[in-house]
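Asks: I'd like to ask you about the structure that follows.
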Amino acid sequence: MKTNRKGFTLIELMAALGVTAVIGYFFISIGRDFVIAWDHVGDSVARETEARAAMNTIARDFEAAFFREGTDVMFAVDVLEDNTNSGIWEGDTAEGDTAERPDGTGFDPANHEYGWAGCWVRFFTAAPSLNAVGYQIIRSTIKGGVGTPRYMLYRNVTLIRDTLAEGFDLKAGALYFDNGYIGSIERPNILAVNVIDFGVRLYVYESDPVTNPDPSGPDAPDGLRLVFPADLSSSLETVLPAGGLAYSGATFSPAGSGQRYPDVVEVFIRVLSESGADEISNMEEAGDNSRWQEVVDKNSRLYRRYITISGKGGV
């Protein structure tokens, strides 16, 4: 007597479940990798867009740089050796939590690294109106008192009525105008988030390019002399002096200073990925910066641009 069987045996069910599990795991793995890749692409696009927008703003300011002939300092830059500019480097000072970032060991201009807080750059620009502008990295929360501090590139502005009209001083260490301040934090002036380093190289045209066509060797393009950060031989400075490094440029250099207003500026910004910024933040919260440089090197991208300053003739 024959019996018609309907359904599956236990072995068949187990085999089917095994095949289904393998296929499911395969699709889950693909989906996970796709989500990770999608997040990475989104992060890269956002970082690229923000970095280019910040560079465009900086270039616009430099291309419209304002000069007044004479020995007045019309351009100044400092490499900051620590966080003494209080108010822009947020940390729990009550508990001594002010050294989240390595200081002197971070100065290596050959690799576009400018130490504790990068460069603080300030000058006058006529775009879109005549202002004094200041650029530097700050370590602050995106919204006051909310969240953990992040590294950000900041641009502050002081209007003409508070600068040239009332007296000014851009020299190293002088933050204040008579009626203005280009060091205080106003969060709407943040250009880009997760900027871990910001710096400039300054060049002047070589006065005798025929007999001295390459005065700075590989540290400057042909026909240009490196003036910052530079040693006495016009080569890149490799050691951050005690007290930091400063440059004060005028159209007519004061006697003995040798610090001319630059003809060409090379701007660098180093931007962390979102995952890199999270890792740095977690390390700092834990009070351990032993892998700080490793994380930055692995999770950041360097953006750079040469900007020619034209129209140097003053008013």
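Following the order of the structure tokens, chains are lettered A, B, ..., residues in each are numbered from 1, and ligands are numbered from 1.
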Please provide the set of residues having any atom within 12 Å of Asp208 of chain A, restricted to only C-alpha atoms, with same-chain residues fewer than 5 positions apart removed, written as a PyMOL selection string.
Replies: chain A and resi 213-215+222-225
Asks: For the residues in the current selection, export C-alpha atoms as a PDB file, in the first residue's frame.
Replies:
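As written to disk, result31.pdb reads:
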ATOM      1  CA  PRO A 213      66.115  82.173  -8.776  1.00  0.00           C
ATOM      2  CA  ASP A 214      65.523  79.669  -5.989  1.00  0.00           C
ATOM      3  CA  PRO A 215      66.402  81.309  -2.646  1.00  0.00           C
ATOM      4  CA  ASP A 222      60.869  79.149  -7.940  1.00  0.00           C
ATOM      5  CA  GLY A 223      61.044  82.930  -7.810  1.00  0.00           C
ATOM      6  CA  LEU A 224      59.585  83.128  -4.306  1.00  0.00           C
ATOM      7  CA  ARG A 225      61.358  83.500  -0.988  1.00  0.00           C
TER       8      ARG A 225
END
Asks: Excluding same-chain residues fewer than 3 positions from Ala277 of chain A, what lies within 10 Å of it counting only C-alpha atoms, as a ChimeraX atom specification?
Replies: /A:150-151,193-196,271-274,280-283,295-296,299-300
Asks: With N, CA and C atoms retained, write the just-selected residues as an mmCIF file, in the first residue's frame.
Replies:
data_model
loop_
_atom_site.group_PDB
_atom_site.id
_atom_site.type_symbol
_atom_site.label_atom_id
_atom_site.label_comp_id
_atom_site.auth_asym_id
_atom_site.auth_seq_id
_atom_site.Cartn_x
_atom_site.Cartn_y
_atom_site.Cartn_z
ATOM 1 N N ARG A 150 34.530 70.686 20.258
ATOM 2 C CA ARG A 150 35.091 70.230 18.984
ATOM 3 C C ARG A 150 36.067 71.293 18.478
ATOM 4 N N TYR A 151 37.000 70.854 17.625
ATOM 5 C CA TYR A 151 37.925 71.795 16.997
ATOM 6 C C TYR A 151 37.240 72.404 15.780
ATOM 7 N N VAL A 193 33.699 72.846 10.883
ATOM 8 C CA VAL A 193 33.810 72.027 12.086
ATOM 9 C C VAL A 193 34.829 70.920 11.846
ATOM 10 N N ASN A 194 35.442 70.460 12.935
ATOM 11 C CA ASN A 194 36.432 69.376 12.917
ATOM 12 C C ASN A 194 37.708 69.761 12.175
ATOM 13 N N VAL A 195 38.058 71.056 12.202
ATOM 14 C CA VAL A 195 39.339 71.517 11.655
ATOM 15 C C VAL A 195 40.382 71.371 12.756
ATOM 16 N N ILE A 196 41.287 70.440 12.580
ATOM 17 C CA ILE A 196 42.247 70.088 13.624
ATOM 18 C C ILE A 196 43.543 70.874 13.506
ATOM 19 N N VAL A 271 41.283 68.695 8.116
ATOM 20 C CA VAL A 271 39.924 68.434 8.584
ATOM 21 C C VAL A 271 39.774 66.967 8.951
ATOM 22 N N LEU A 272 39.228 66.724 10.137
ATOM 23 C CA LEU A 272 38.972 65.372 10.595
ATOM 24 C C LEU A 272 37.688 64.817 9.987
ATOM 25 N N SER A 273 37.649 63.497 9.771
ATOM 26 C CA SER A 273 36.389 62.833 9.481
ATOM 27 C C SER A 273 35.550 62.831 10.753
ATOM 28 N N GLU A 274 34.258 62.572 10.608
ATOM 29 C CA GLU A 274 33.387 62.568 11.785
ATOM 30 C C GLU A 274 33.800 61.474 12.757
ATOM 31 N N ILE A 280 38.913 61.383 18.711
ATOM 32 C CA ILE A 280 39.707 62.397 19.417
ATOM 33 C C ILE A 280 38.960 62.885 20.647
ATOM 34 N N SER A 281 37.670 63.149 20.489
ATOM 35 C CA SER A 281 36.870 63.632 21.614
ATOM 36 C C SER A 281 36.843 62.618 22.750
ATOM 37 N N ASN A 282 36.653 61.345 22.414
ATOM 38 C CA ASN A 282 36.628 60.304 23.447
ATOM 39 C C ASN A 282 37.972 60.189 24.150
ATOM 40 N N MET A 283 39.058 60.318 23.398
ATOM 41 C CA MET A 283 40.391 60.259 23.998
ATOM 42 C C MET A 283 40.590 61.417 24.964
ATOM 43 N N VAL A 295 45.720 59.054 15.425
ATOM 44 C CA VAL A 295 44.316 59.204 15.017
ATOM 45 C C VAL A 295 44.165 60.323 14.000
ATOM 46 N N VAL A 296 44.864 61.426 14.227
ATOM 47 C CA VAL A 296 44.783 62.557 13.296
ATOM 48 C C VAL A 296 45.328 62.157 11.922
ATOM 49 N N ASN A 299 42.788 59.810 10.159
ATOM 50 C CA ASN A 299 41.399 60.223 9.966
ATOM 51 C C ASN A 299 41.245 61.679 9.546
ATOM 52 N N SER A 300 42.236 62.230 8.868
ATOM 53 C CA SER A 300 42.131 63.630 8.456
ATOM 54 C C SER A 300 42.572 63.798 7.011
#
Asks: Thr238 of chain A: which residues within 10 Å, counting only C-alpha atoms, same-chain residues fewer than 3 positions away excluded, as an NGL selection string?
Replies: :A and (107-110 or 229-231 or 235 or 241)
Asks: Quick one: write out the picked residues with C-alpha atoms as an mmCIF file, in the first residue's frame?
Replies:
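Saved result, again-v6.cif, follows:
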data_model
loop_
_atom_site.group_PDB
_atom_site.id
_atom_site.type_symbol
_atom_site.label_atom_id
_atom_site.label_comp_id
_atom_site.auth_asym_id
_atom_site.auth_seq_id
_atom_site.Cartn_x
_atom_site.Cartn_y
_atom_site.Cartn_z
ATOM 1 C CA PHE A 107 54.954 71.682 15.384
ATOM 2 C CA ASP A 108 56.156 70.286 12.064
ATOM 3 C CA PRO A 109 55.560 72.730 9.169
ATOM 4 C CA ALA A 110 57.072 70.297 6.659
ATOM 5 C CA PRO A 229 57.754 80.091 9.074
ATOM 6 C CA ALA A 230 61.364 80.480 8.025
ATOM 7 C CA ASP A 231 64.819 80.479 9.549
ATOM 8 C CA SER A 235 64.203 77.629 4.759
ATOM 9 C CA PRO A 241 60.895 78.896 19.755
#
